[in-house]
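> Dropping in my_file_2.txt, with compact mmCIF, C-alpha atoms.
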```txt
# COMPACT_ATOMS: atom_id res chain seq x y z
CA MET Y 1 -99.31 17.59 -36.26
CA ILE Y 2 -101.95 14.93 -35.66
CA VAL Y 3 -101.88 11.92 -37.98
CA ASP Y 4 -103.20 8.36 -38.01
CA ALA Y 5 -101.09 6.12 -35.80
CA ALA Y 6 -99.59 2.91 -37.18
CA TYR Y 7 -99.99 -0.50 -35.58
CA SER Y 8 -103.43 -0.10 -34.08
CA GLU Y 9 -106.31 -2.50 -33.58
CA LEU Y 10 -109.94 -1.37 -33.51
CA LEU Y 11 -112.01 -3.12 -30.85
CA ASP Y 12 -115.63 -3.23 -29.82
CA GLY Y 13 -117.11 -0.34 -27.89
CA GLY Y 14 -114.93 2.26 -29.57
CA LYS Y 15 -111.77 0.98 -27.90
CA VAL Y 16 -108.40 0.78 -29.65
CA ARG Y 17 -105.25 -1.14 -28.80
CA CYS Y 18 -101.82 0.18 -29.74
CA HIS Y 19 -99.38 -2.46 -30.94
CA LEU Y 20 -96.34 -0.20 -31.39
CA CYS Y 21 -94.58 -1.19 -28.19
CA PRO Y 22 -94.83 -3.91 -25.51
CA ALA Y 23 -97.00 -1.67 -23.32
CA GLU Y 24 -99.88 -2.64 -25.66
CA CYS Y 25 -102.05 0.22 -24.36
CA LEU Y 26 -105.81 -0.36 -24.46
CA LEU Y 27 -107.47 3.02 -24.89
CA THR Y 28 -111.05 4.11 -24.53
CA GLU Y 29 -112.32 7.32 -26.10
CA GLY Y 30 -110.11 10.30 -25.28
CA LYS Y 31 -107.51 8.29 -23.38
CA ILE Y 32 -103.77 8.73 -24.03
CA GLY Y 33 -101.17 5.96 -24.04
CA ILE Y 34 -98.21 5.71 -21.68
CA CYS Y 35 -96.03 7.43 -24.30
CA GLY Y 36 -98.10 10.61 -24.03
CA SER Y 37 -98.56 10.96 -27.79
CA ARG Y 38 -100.90 8.20 -29.02
CA PHE Y 39 -104.59 8.56 -28.20
CA ASN Y 40 -108.08 7.33 -29.02
CA SER Y 41 -110.11 9.80 -31.07
CA ASN Y 42 -113.57 8.61 -32.09
CA GLY Y 43 -112.51 4.99 -31.97
CA LYS Y 44 -109.34 5.56 -34.01
CA LEU Y 45 -105.71 5.58 -32.84
CA MET Y 46 -103.99 8.89 -33.57
CA THR Y 47 -100.64 10.46 -32.70
CA ASP Y 48 -99.98 14.14 -32.14
CA ASN Y 49 -96.18 14.17 -32.41
CA PHE Y 50 -95.63 13.94 -36.19
CA GLY Y 51 -92.93 16.47 -37.07
CA GLU Y 52 -93.06 18.09 -33.64
CA LEU Y 53 -89.48 18.78 -32.50
CA VAL Y 54 -88.95 19.41 -28.81
CA SER Y 55 -85.25 20.21 -29.11
CA ALA Y 56 -82.68 20.34 -31.89
CA CYS Y 57 -78.95 20.98 -32.20
CA TYR Y 58 -75.76 19.78 -33.88
CA ASP Y 59 -73.91 17.42 -31.55
CA PRO Y 60 -70.68 15.45 -31.73
CA VAL Y 61 -71.65 11.88 -32.61
CA GLU Y 62 -69.74 10.84 -29.47
CA LYS Y 63 -72.41 12.53 -27.35
CA LYS Y 64 -75.01 9.89 -28.32
CA PRO Y 65 -72.70 8.05 -27.38
CA LEU Y 66 -71.41 6.44 -30.57
CA TYR Y 67 -67.66 5.86 -30.56
CA HIS Y 68 -67.36 3.52 -33.56
CA PHE Y 69 -69.55 5.37 -36.05
CA HIS Y 70 -67.93 8.31 -37.88
CA PRO Y 71 -65.76 9.37 -34.91
CA GLY Y 72 -65.17 13.10 -34.66
CA LYS Y 73 -68.13 14.01 -36.88
CA ALA Y 74 -71.22 16.10 -36.08
CA ILE Y 75 -74.83 14.94 -36.33
CA PHE Y 76 -78.09 16.87 -36.24
CA SER Y 77 -79.96 15.71 -33.13
CA THR Y 78 -83.62 16.05 -32.32
CA GLY Y 79 -86.55 14.27 -30.71
CA PRO Y 80 -90.20 14.44 -29.62
CA ASN Y 81 -92.01 14.81 -26.33
CA GLY Y 82 -92.77 11.63 -24.43
CA CYS Y 83 -91.48 8.14 -23.70
CA ASN Y 84 -92.97 4.65 -23.45
CA LEU Y 85 -91.07 3.91 -20.22
CA ASN Y 86 -91.31 5.87 -16.98
CA CYS Y 87 -87.90 5.52 -15.34
CA SER Y 88 -87.53 6.89 -11.81
CA ASN Y 89 -84.04 8.17 -12.71
CA CYS Y 90 -84.88 9.80 -16.05
CA GLN Y 91 -82.39 12.55 -16.88
CA ASN Y 92 -84.73 14.16 -19.43
CA TRP Y 93 -87.93 13.83 -17.42
CA GLU Y 94 -89.13 17.36 -18.24
CA ILE Y 95 -89.69 16.31 -21.86
CA SER Y 96 -90.06 12.54 -21.50
CA GLN Y 97 -92.81 12.72 -18.88
CA GLY Y 98 -94.40 16.02 -19.84
CA HIS Y 99 -95.16 18.19 -22.84
CA VAL Y 100 -93.05 21.24 -23.59
CA PRO Y 101 -93.50 23.57 -26.57
CA THR Y 102 -92.48 22.13 -29.94
CA ARG Y 103 -91.94 23.41 -33.43
CA PHE Y 104 -93.17 21.64 -36.55
CA VAL Y 105 -90.63 20.58 -39.17
CA ALA Y 106 -91.88 18.78 -42.26
CA PRO Y 107 -89.81 15.76 -43.38
CA PRO Y 108 -88.21 17.54 -46.41
CA ASP Y 109 -87.13 20.39 -44.16
CA LEU Y 110 -85.65 17.92 -41.70
CA VAL Y 111 -83.44 16.59 -44.50
CA ASN Y 112 -82.13 20.11 -45.11
CA LEU Y 113 -81.29 20.52 -41.43
CA ALA Y 114 -79.60 17.12 -41.30
CA GLY Y 115 -77.24 18.04 -44.14
CA ARG Y 116 -75.95 21.33 -42.75
CA ASN Y 117 -72.88 22.25 -40.69
CA GLY Y 118 -70.92 19.16 -41.64
CA SER Y 119 -73.58 16.86 -40.19
CA ILE Y 120 -73.52 13.22 -41.32
CA GLY Y 121 -77.29 12.91 -40.86
CA ILE Y 122 -79.77 12.81 -38.02
CA ALA Y 123 -79.88 11.29 -34.55
CA TYR Y 124 -83.37 10.72 -33.22
CA THR Y 125 -82.72 11.16 -29.51
CA TYR Y 126 -83.31 13.08 -26.24
CA THR Y 127 -86.53 11.26 -25.26
CA GLU Y 128 -87.70 8.04 -26.93
CA PRO Y 129 -87.62 8.24 -30.73
CA LEU Y 130 -89.43 4.94 -31.30
CA ILE Y 131 -92.70 6.62 -30.28
CA TRP Y 132 -92.01 8.97 -33.23
CA PHE Y 133 -92.51 5.98 -35.50
CA GLU Y 134 -94.62 7.60 -38.21
CA TYR Y 135 -92.28 10.58 -38.54
CA ILE Y 136 -89.09 8.52 -38.62
CA ARG Y 137 -90.60 6.17 -41.18
CA GLU Y 138 -91.36 9.04 -43.54
CA ALA Y 139 -88.42 11.33 -42.84
CA GLY Y 140 -85.95 8.44 -42.58
CA LYS Y 141 -86.59 7.43 -46.19
CA LEU Y 142 -85.83 10.97 -47.36
CA ILE Y 143 -82.70 11.09 -45.19
CA LYS Y 144 -81.54 7.80 -46.71
CA ASP Y 145 -82.27 8.97 -50.27
CA ALA Y 146 -80.19 12.09 -49.60
CA GLY Y 147 -77.16 9.94 -48.72
CA LEU Y 148 -77.32 10.88 -45.05
CA LYS Y 149 -77.37 8.66 -41.95
CA ASN Y 150 -80.24 7.74 -39.64
CA VAL Y 151 -79.26 7.10 -36.03
CA LEU Y 152 -81.45 6.00 -33.11
CA VAL Y 153 -80.66 6.68 -29.46
CA THR Y 154 -83.27 4.48 -27.90
CA ASN Y 155 -84.50 2.37 -25.02
CA GLY Y 156 -85.17 -0.40 -27.55
CA TYR Y 157 -88.75 -0.80 -26.29
CA ILE Y 158 -90.75 -1.57 -29.42
CA ASN Y 159 -92.61 -4.57 -30.79
CA GLU Y 160 -90.87 -6.72 -33.37
CA LYS Y 161 -93.06 -5.96 -36.39
CA PRO Y 162 -92.71 -2.16 -36.34
CA LEU Y 163 -89.00 -2.47 -35.56
CA MET Y 164 -88.52 -4.67 -38.62
CA GLU Y 165 -90.21 -2.01 -40.72
CA LEU Y 166 -87.78 0.66 -39.48
CA LEU Y 167 -84.55 -1.35 -39.51
CA PRO Y 168 -83.76 -0.96 -43.26
CA LEU Y 169 -83.64 2.81 -42.69
CA ILE Y 170 -81.35 2.76 -39.64
CA ASP Y 171 -77.56 3.01 -39.94
CA ALA Y 172 -76.55 3.06 -36.27
CA ALA Y 173 -78.11 2.89 -32.84
CA ASN Y 174 -77.19 3.28 -29.22
CA VAL Y 175 -79.51 1.18 -27.07
CA ASP Y 176 -79.92 1.95 -23.38
CA LEU Y 177 -79.83 -1.43 -21.62
CA LYS Y 178 -80.79 -0.38 -18.13
CA SER Y 179 -80.25 -3.68 -16.32
CA MET Y 180 -80.28 -7.43 -16.86
CA SER Y 181 -82.93 -7.75 -14.14
CA PRO Y 182 -86.61 -8.10 -15.17
CA ASP Y 183 -87.52 -6.80 -11.71
CA PHE Y 184 -85.47 -3.62 -12.31
CA TYR Y 185 -87.39 -2.95 -15.51
CA LYS Y 186 -90.70 -3.58 -13.75
CA ARG Y 187 -90.01 -1.46 -10.65
CA ILE Y 188 -87.77 1.31 -11.95
CA CYS Y 189 -88.87 1.65 -15.58
CA LYS Y 190 -92.46 0.34 -15.61
CA GLY Y 191 -91.56 -1.94 -18.50
CA LYS Y 192 -90.16 -5.32 -19.50
CA LEU Y 193 -86.59 -6.47 -20.11
CA GLN Y 194 -87.00 -9.24 -22.68
CA PRO Y 195 -88.19 -7.09 -25.61
CA VAL Y 196 -85.09 -4.92 -25.22
CA LEU Y 197 -82.77 -7.94 -25.29
CA ASP Y 198 -84.56 -9.33 -28.33
CA ASN Y 199 -84.36 -6.02 -30.16
CA ILE Y 200 -80.64 -5.61 -29.52
CA LYS Y 201 -80.21 -8.92 -31.34
CA HIS Y 202 -82.49 -7.71 -34.15
CA PHE Y 203 -80.43 -4.53 -34.58
CA HIS Y 204 -77.22 -6.53 -34.79
CA GLU Y 205 -78.60 -9.16 -37.15
CA ALA Y 206 -79.89 -6.42 -39.48
CA GLY Y 207 -76.39 -4.96 -39.79
CA VAL Y 208 -77.12 -1.80 -37.81
CA LYS Y 209 -73.98 -0.42 -36.16
CA ILE Y 210 -74.99 -0.84 -32.54
CA GLU Y 211 -73.51 0.32 -29.24
CA ILE Y 212 -74.93 -0.28 -25.74
CA THR Y 213 -75.15 2.10 -22.79
CA ASN Y 214 -75.72 1.08 -19.18
CA LEU Y 215 -76.35 3.76 -16.56
CA VAL Y 216 -74.76 2.47 -13.34
CA ILE Y 217 -77.05 3.39 -10.43
CA THR Y 218 -75.72 3.10 -6.91
CA GLY Y 219 -77.31 0.20 -5.04
CA LEU Y 220 -79.55 -0.89 -7.91
CA ASN Y 221 -77.47 -2.29 -10.79
CA ASP Y 222 -73.86 -1.85 -9.64
CA SER Y 223 -72.89 -5.28 -8.28
CA ASP Y 224 -70.27 -7.56 -9.80
CA HIS Y 225 -73.15 -9.85 -10.76
CA ASP Y 226 -74.80 -6.98 -12.65
CA PHE Y 227 -71.61 -6.21 -14.57
CA GLU Y 228 -71.02 -9.90 -15.32
CA ALA Y 229 -74.59 -10.35 -16.56
CA ILE Y 230 -74.62 -7.39 -18.92
CA SER Y 231 -71.19 -8.10 -20.39
CA ASP Y 232 -72.11 -11.78 -20.84
CA PHE Y 233 -75.23 -10.80 -22.75
CA VAL Y 234 -73.45 -8.29 -25.00
CA ALA Y 235 -70.69 -10.84 -25.67
CA SER Y 236 -73.34 -13.41 -26.62
CA VAL Y 237 -74.45 -11.05 -29.39
CA SER Y 238 -70.93 -9.94 -30.38
CA THR Y 239 -67.73 -9.22 -28.47
CA HIS Y 240 -67.17 -6.32 -30.90
CA ILE Y 241 -70.19 -4.30 -29.68
CA PRO Y 242 -69.00 -1.29 -27.63
CA LEU Y 243 -70.41 -1.18 -24.09
CA HIS Y 244 -70.60 2.21 -22.37
CA PHE Y 245 -70.95 2.37 -18.58
CA SER Y 246 -72.28 5.79 -17.67
CA ALA Y 247 -72.19 7.53 -14.29
CA TYR Y 248 -75.55 8.27 -12.66
CA TYR Y 249 -76.45 11.46 -10.81
CA PRO Y 250 -79.59 11.95 -8.65
CA THR Y 251 -82.53 13.29 -10.65
CA TYR Y 252 -86.30 13.12 -11.08
CA LYS Y 253 -87.69 10.66 -8.49
CA MET Y 254 -84.39 9.04 -7.51
CA ASN Y 255 -82.00 10.21 -4.80
CA ASN Y 256 -79.47 7.36 -4.72
CA PRO Y 257 -75.88 8.63 -4.34
CA PRO Y 258 -73.95 9.38 -7.53
CA THR Y 259 -71.99 6.52 -9.08
CA SER Y 260 -68.52 6.20 -7.60
CA VAL Y 261 -65.42 6.08 -9.77
CA GLN Y 262 -64.56 2.80 -8.05
CA LYS Y 263 -67.79 1.19 -9.26
CA LEU Y 264 -67.22 2.37 -12.81
CA MET Y 265 -63.67 1.03 -12.74
CA ARG Y 266 -64.99 -2.30 -11.46
CA ALA Y 267 -67.49 -2.41 -14.33
CA TYR Y 268 -64.64 -1.73 -16.75
CA GLU Y 269 -62.41 -4.38 -15.19
CA ILE Y 270 -65.06 -7.10 -15.35
CA SER Y 271 -66.42 -6.32 -18.80
CA SER Y 272 -63.03 -5.81 -20.45
CA LYS Y 273 -62.33 -9.49 -19.89
CA LYS Y 274 -65.30 -10.39 -22.08
CA LEU Y 275 -65.62 -7.54 -24.59
CA ASP Y 276 -63.23 -5.83 -27.00
CA PHE Y 277 -64.49 -2.30 -26.35
CA VAL Y 278 -65.62 -0.95 -22.98
CA TYR Y 279 -65.95 2.76 -22.22
CA LEU Y 280 -66.75 4.90 -19.18
CA GLY Y 281 -68.92 8.00 -19.58
CA ASN Y 282 -70.30 11.00 -17.66
CA VAL Y 283 -66.96 11.07 -15.84
CA ARG Y 284 -63.37 11.79 -16.85
CA ILE Y 285 -61.03 8.90 -16.13
CA PRO Y 286 -57.76 8.78 -18.10
CA ASP Y 287 -57.79 6.28 -21.00
CA ARG Y 288 -61.27 4.95 -20.25
CA SER Y 289 -62.92 6.75 -23.15
CA ASP Y 290 -60.09 6.01 -25.58
CA THR Y 291 -60.19 3.27 -28.21
CA PHE Y 292 -57.41 0.68 -28.17
CA CYS Y 293 -56.74 -2.04 -30.70
CA PRO Y 294 -57.87 -5.33 -29.10
CA GLN Y 295 -55.07 -7.16 -30.91
CA CYS Y 296 -51.92 -5.07 -30.46
CA LYS Y 297 -53.23 -2.68 -27.74
CA GLU Y 298 -52.21 0.44 -29.68
CA ARG Y 299 -54.17 3.59 -28.78
CA LEU Y 300 -56.18 4.41 -31.89
CA ILE Y 301 -58.55 7.20 -30.82
CA CYS Y 302 -57.96 9.63 -27.95
CA ARG Y 303 -61.00 11.36 -26.45
CA SER Y 304 -60.99 14.24 -23.98
CA GLY Y 305 -64.59 15.27 -23.44
CA TYR Y 306 -65.80 15.77 -26.98
CA HIS Y 307 -62.36 16.59 -28.35
CA ILE Y 308 -61.45 13.66 -30.58
CA GLU Y 309 -58.01 12.84 -31.93
CA ILE Y 310 -57.71 9.95 -34.38
CA LEU Y 311 -54.20 8.59 -33.98
CA GLU Y 312 -53.62 5.17 -35.51
CA LEU Y 313 -56.85 4.35 -37.33
CA GLU Y 314 -57.37 4.26 -41.07
CA ASN Y 315 -60.45 2.93 -42.86
CA GLY Y 316 -61.57 1.30 -39.63
CA LYS Y 317 -58.31 -0.62 -39.22
CA CYS Y 318 -55.37 -0.35 -36.86
CA LYS Y 319 -52.41 1.21 -38.65
CA ASN Y 320 -50.01 -0.71 -36.45
CA CYS Y 321 -51.21 -4.30 -36.97
CA SER Y 322 -53.94 -3.95 -39.66
CA HIS Y 323 -56.57 -5.44 -37.35
CA ASP Y 324 -60.07 -4.55 -38.60
CA LEU Y 325 -62.04 -2.92 -35.76
CA ASN Y 326 -65.11 -2.39 -37.95
CA ILE Y 327 -65.17 1.29 -37.02
CA ILE Y 328 -67.05 3.28 -39.65
CA GLN Y 329 -65.14 6.42 -40.58
```
Starting from the coordinates I provided, produce the structure as structure tokens.

Amino acid sequence: MIVDAAYSELLDGGKVRCHLCPAECLLTEGKIGICGSRFNSNGKLMTDNFGELVSACYDPVEKKPLYHFHPGKAIFSTGPNGCNLNCSNCQNWEISQGHVPTRFVAPPDLVNLAGRNGSIGIAYTYTEPLIWFEYIREAGKLIKDAGLKNVLVTNGYINEKPLMELLPLIDAANVDLKSMSPDFYKRICKGKLQPVLDNIKHFHEAGVKIEITNLVITGLNDSDHDFEAISDFVASVSTHIPLHFSAYYPTYKMNNPPTSVQKLMRAYEISSKKLDFVYLGNVRIPDRSDTFCPQCKERLICRSGYHIEILELENGKCKNCSHDLNIIQ
């Protein structure tokens, strides 16, 4: 469904500038922004993705991944076509860099879907949900009013003003922090690092339950320095924020070798010295997806794939030593 796009500026000569994300696309008549959804129509910024779902299913919340937000629960997951970054290693490039068939779901109907099958709410995911701004703004209010949860799985690439408008609606987010190198973002993602770092801080300061994912790509962001830098940054925001290191596999435009188990273990070793919760994903390594109490070291949650067993956790606290892990159950 085509609707007026938010955060636009009308310019001379029928041009429009989009102020939704740091790309700040300047569009002449008929041109489409980097996200693939916002376009200039007769000197007005429009978006064609309102309510257009490219994929939808009920997922374990751990698949987002969110390990400290309603562990073991299901969440309705959906997203639009398009993305405002163009990563060479994109795992969902068919829908992030192209347009596949969608189905329209009006916001009230989305609420109904989000409340079925034991779902705790909705995860806006798969591609980049922040380019779905107008839809999330409208549907998110209805989700919130229904007592359900709004979750973002995002690259965090949005300007501050629109983010601040969305934040009161958002309960939890997993932000994909691809690297601590501005050059990596420029070369590999066609974007900028600093807005992502700033927005991670904004999420945390707003009280959103946030977790961070870093895809470890062989030869690009897998040095000790890389692991030190990302764990130092996360710790500077909060040592309680979970950091997920995820294994990379060749896809889209990138043919670097898959991430080795040794590199993932090195990431875990370095970051565990700085952060309370570090996890390894896209690979099965004993204990490295389990949650341990940072105080008494008791195993609290055991994870095998998406099979979750809550052992010694009650109301977000360790049963053994009563340490509050701030896990939302």
> Near region 233-236 of chain Y, within 9 Å and counting all atoms listed in the file, which residues show up once chain neighbours fewer than 2 positions away are dropped, as a list in words?
Met180, Leu197, Ile200, Ile212, Glu228, Ala229, Ile230, Ser231, Ser238, Thr239, His240, Ile241, Pro242, Leu243, Lys274 and Leu275 of chain Y
> Tell me, in Å to one decimal, how far CA of Leu300 (chain Y) is from CA of Asp171 (chain Y).
22.9 Å
> Using all atoms listed in the file, which residues sit within 12 Å of Asn255 (chain Y) once same-chain residues fewer than 5 positions away are excluded, as a PyMOL selection string?
chain Y and resi 88-90+217-220+248-250
> Can you tell me how far CA of Val153 (chain Y) sits from CA of Asn174 (chain Y), in Å to one decimal?
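Computing the Euclidean distance for CA of Val153 (chain Y) and CA of Asn174 (chain Y) yields 4.9 Å.
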> Using all atoms listed in the file and a cutoff of 12 Å, can you tell me which residues are near (-84.4, 12.5, -46.9) in the file's coordinates, and write them out as a VMD selection string?
chain Y and resid 106 to 115 121 to 122 135 to 150 169
> Leaving out Ile32 (chain Y) and any residue of its chain fewer than 2 positions from it, which residues lie within 12 Å of it when counting all atoms listed in the file, given as a PyMOL selection string?
chain Y and resi 15-18+25-30+34-41+44-48+82+84
> Report as a list in words all protein, DNA and RNA residues lying within 9 Å of Tyr124 (chain Y), evaluated on only C-alpha atoms, omitting residues in the same chain fewer than 6 positions from it.
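Those residues are Phe76, Ser77, Thr78, Gly79, Pro80, Leu130, Trp132, Ile136, Asn150, Val151, Leu152, Val153 and Thr154 of chain Y.
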> Do you have the CA of Ala74 (chain Y)-CA of Met1 (chain Y) distance handy?
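A separation of 28.1 Å between them.
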> Quick one: residues within 12 Å of Asn320 (chain Y), all atoms listed in the file counted, chain neighbours fewer than 6 positions away excluded, as a ChimeraX atom specification?
/Y:292-300,311-314
> Around all the atoms of region 134-137 of chain Y listed in the file, with 5 Å of room on each side, what axis-aligned box do you get, giving centre and edge lengths in Å to one decimal, as JSON?

```
{"center_x": -91.9, "center_y": 8.4, "center_z": -39.7, "size_x": 15.5, "size_y": 14.4, "size_z": 13.0}
```
> Pull N, CA and C atoms for region 48-76 of chain Y from the block and write them as a compact mmCIF listing (two decimals), in the first residue's frame.

```
# COMPACT_ATOMS: atom_id res chain seq x y z
N ASP Y 48 5.99 2.60 -0.51
CA ASP Y 48 5.07 1.59 -1.04
C ASP Y 48 5.02 0.32 -0.19
N ASN Y 49 5.59 0.38 1.04
CA ASN Y 49 5.68 -0.86 1.81
C ASN Y 49 4.72 -0.93 3.00
N PHE Y 50 3.81 0.04 3.13
CA PHE Y 50 2.91 0.05 4.29
C PHE Y 50 2.03 -1.20 4.31
N GLY Y 51 2.21 -2.01 5.35
CA GLY Y 51 1.39 -3.22 5.51
C GLY Y 51 1.74 -4.36 4.59
N GLU Y 52 2.81 -4.22 3.82
CA GLU Y 52 3.19 -5.26 2.87
C GLU Y 52 4.18 -6.23 3.53
N LEU Y 53 3.71 -7.44 3.83
CA LEU Y 53 4.51 -8.45 4.52
C LEU Y 53 5.18 -9.36 3.51
N VAL Y 54 6.49 -9.48 3.61
CA VAL Y 54 7.22 -10.33 2.68
C VAL Y 54 7.34 -11.76 3.18
N SER Y 55 7.27 -11.92 4.49
CA SER Y 55 7.36 -13.24 5.11
C SER Y 55 6.75 -13.15 6.50
N ALA Y 56 6.22 -14.24 7.00
CA ALA Y 56 5.62 -14.21 8.34
C ALA Y 56 5.57 -15.62 8.91
N CYS Y 57 5.96 -15.75 10.18
CA CYS Y 57 5.84 -17.03 10.87
C CYS Y 57 5.98 -16.80 12.37
N TYR Y 58 5.72 -17.86 13.14
CA TYR Y 58 5.88 -17.82 14.59
C TYR Y 58 7.22 -18.46 14.94
N ASP Y 59 8.11 -17.67 15.48
CA ASP Y 59 9.47 -18.11 15.79
C ASP Y 59 9.70 -18.17 17.30
N PRO Y 60 10.65 -19.00 17.73
CA PRO Y 60 11.14 -18.85 19.10
C PRO Y 60 11.81 -17.48 19.23
N VAL Y 61 11.61 -16.81 20.35
CA VAL Y 61 12.22 -15.49 20.53
C VAL Y 61 13.75 -15.59 20.46
N GLU Y 62 14.28 -16.77 20.80
CA GLU Y 62 15.73 -16.98 20.74
C GLU Y 62 16.28 -16.88 19.32
N LYS Y 63 15.43 -17.04 18.32
CA LYS Y 63 15.89 -17.00 16.93
C LYS Y 63 16.23 -15.59 16.48
N LYS Y 64 15.83 -14.56 17.25
CA LYS Y 64 16.02 -13.18 16.80
C LYS Y 64 17.48 -12.73 16.74
N PRO Y 65 18.46 -13.01 17.55
CA PRO Y 65 18.31 -13.72 18.82
C PRO Y 65 18.07 -12.77 19.99
N LEU Y 66 17.14 -13.17 20.87
CA LEU Y 66 16.95 -12.52 22.16
C LEU Y 66 16.97 -13.62 23.22
N TYR Y 67 17.95 -13.58 24.07
CA TYR Y 67 18.11 -14.61 25.11
C TYR Y 67 17.63 -14.15 26.47
N HIS Y 68 17.45 -12.84 26.65
CA HIS Y 68 17.09 -12.31 27.97
C HIS Y 68 15.71 -11.66 27.96
N PHE Y 69 14.91 -11.98 26.98
CA PHE Y 69 13.58 -11.39 26.85
C PHE Y 69 12.58 -12.51 26.60
N HIS Y 70 11.83 -12.86 27.65
CA HIS Y 70 10.83 -13.94 27.60
C HIS Y 70 11.41 -15.23 27.03
N PRO Y 71 12.46 -15.76 27.63
CA PRO Y 71 13.09 -16.99 27.10
C PRO Y 71 12.08 -18.13 27.01
N GLY Y 72 12.20 -18.86 25.89
CA GLY Y 72 11.33 -20.01 25.67
C GLY Y 72 10.00 -19.69 25.05
N LYS Y 73 9.70 -18.41 24.83
CA LYS Y 73 8.40 -18.01 24.29
C LYS Y 73 8.47 -17.87 22.77
N ALA Y 74 7.29 -17.85 22.14
CA ALA Y 74 7.19 -17.64 20.69
C ALA Y 74 6.84 -16.19 20.40
N ILE Y 75 7.18 -15.74 19.19
CA ILE Y 75 6.83 -14.38 18.78
C ILE Y 75 6.52 -14.38 17.29
N PHE Y 76 5.45 -13.71 16.91
CA PHE Y 76 5.10 -13.57 15.50
C PHE Y 76 6.14 -12.68 14.83
```
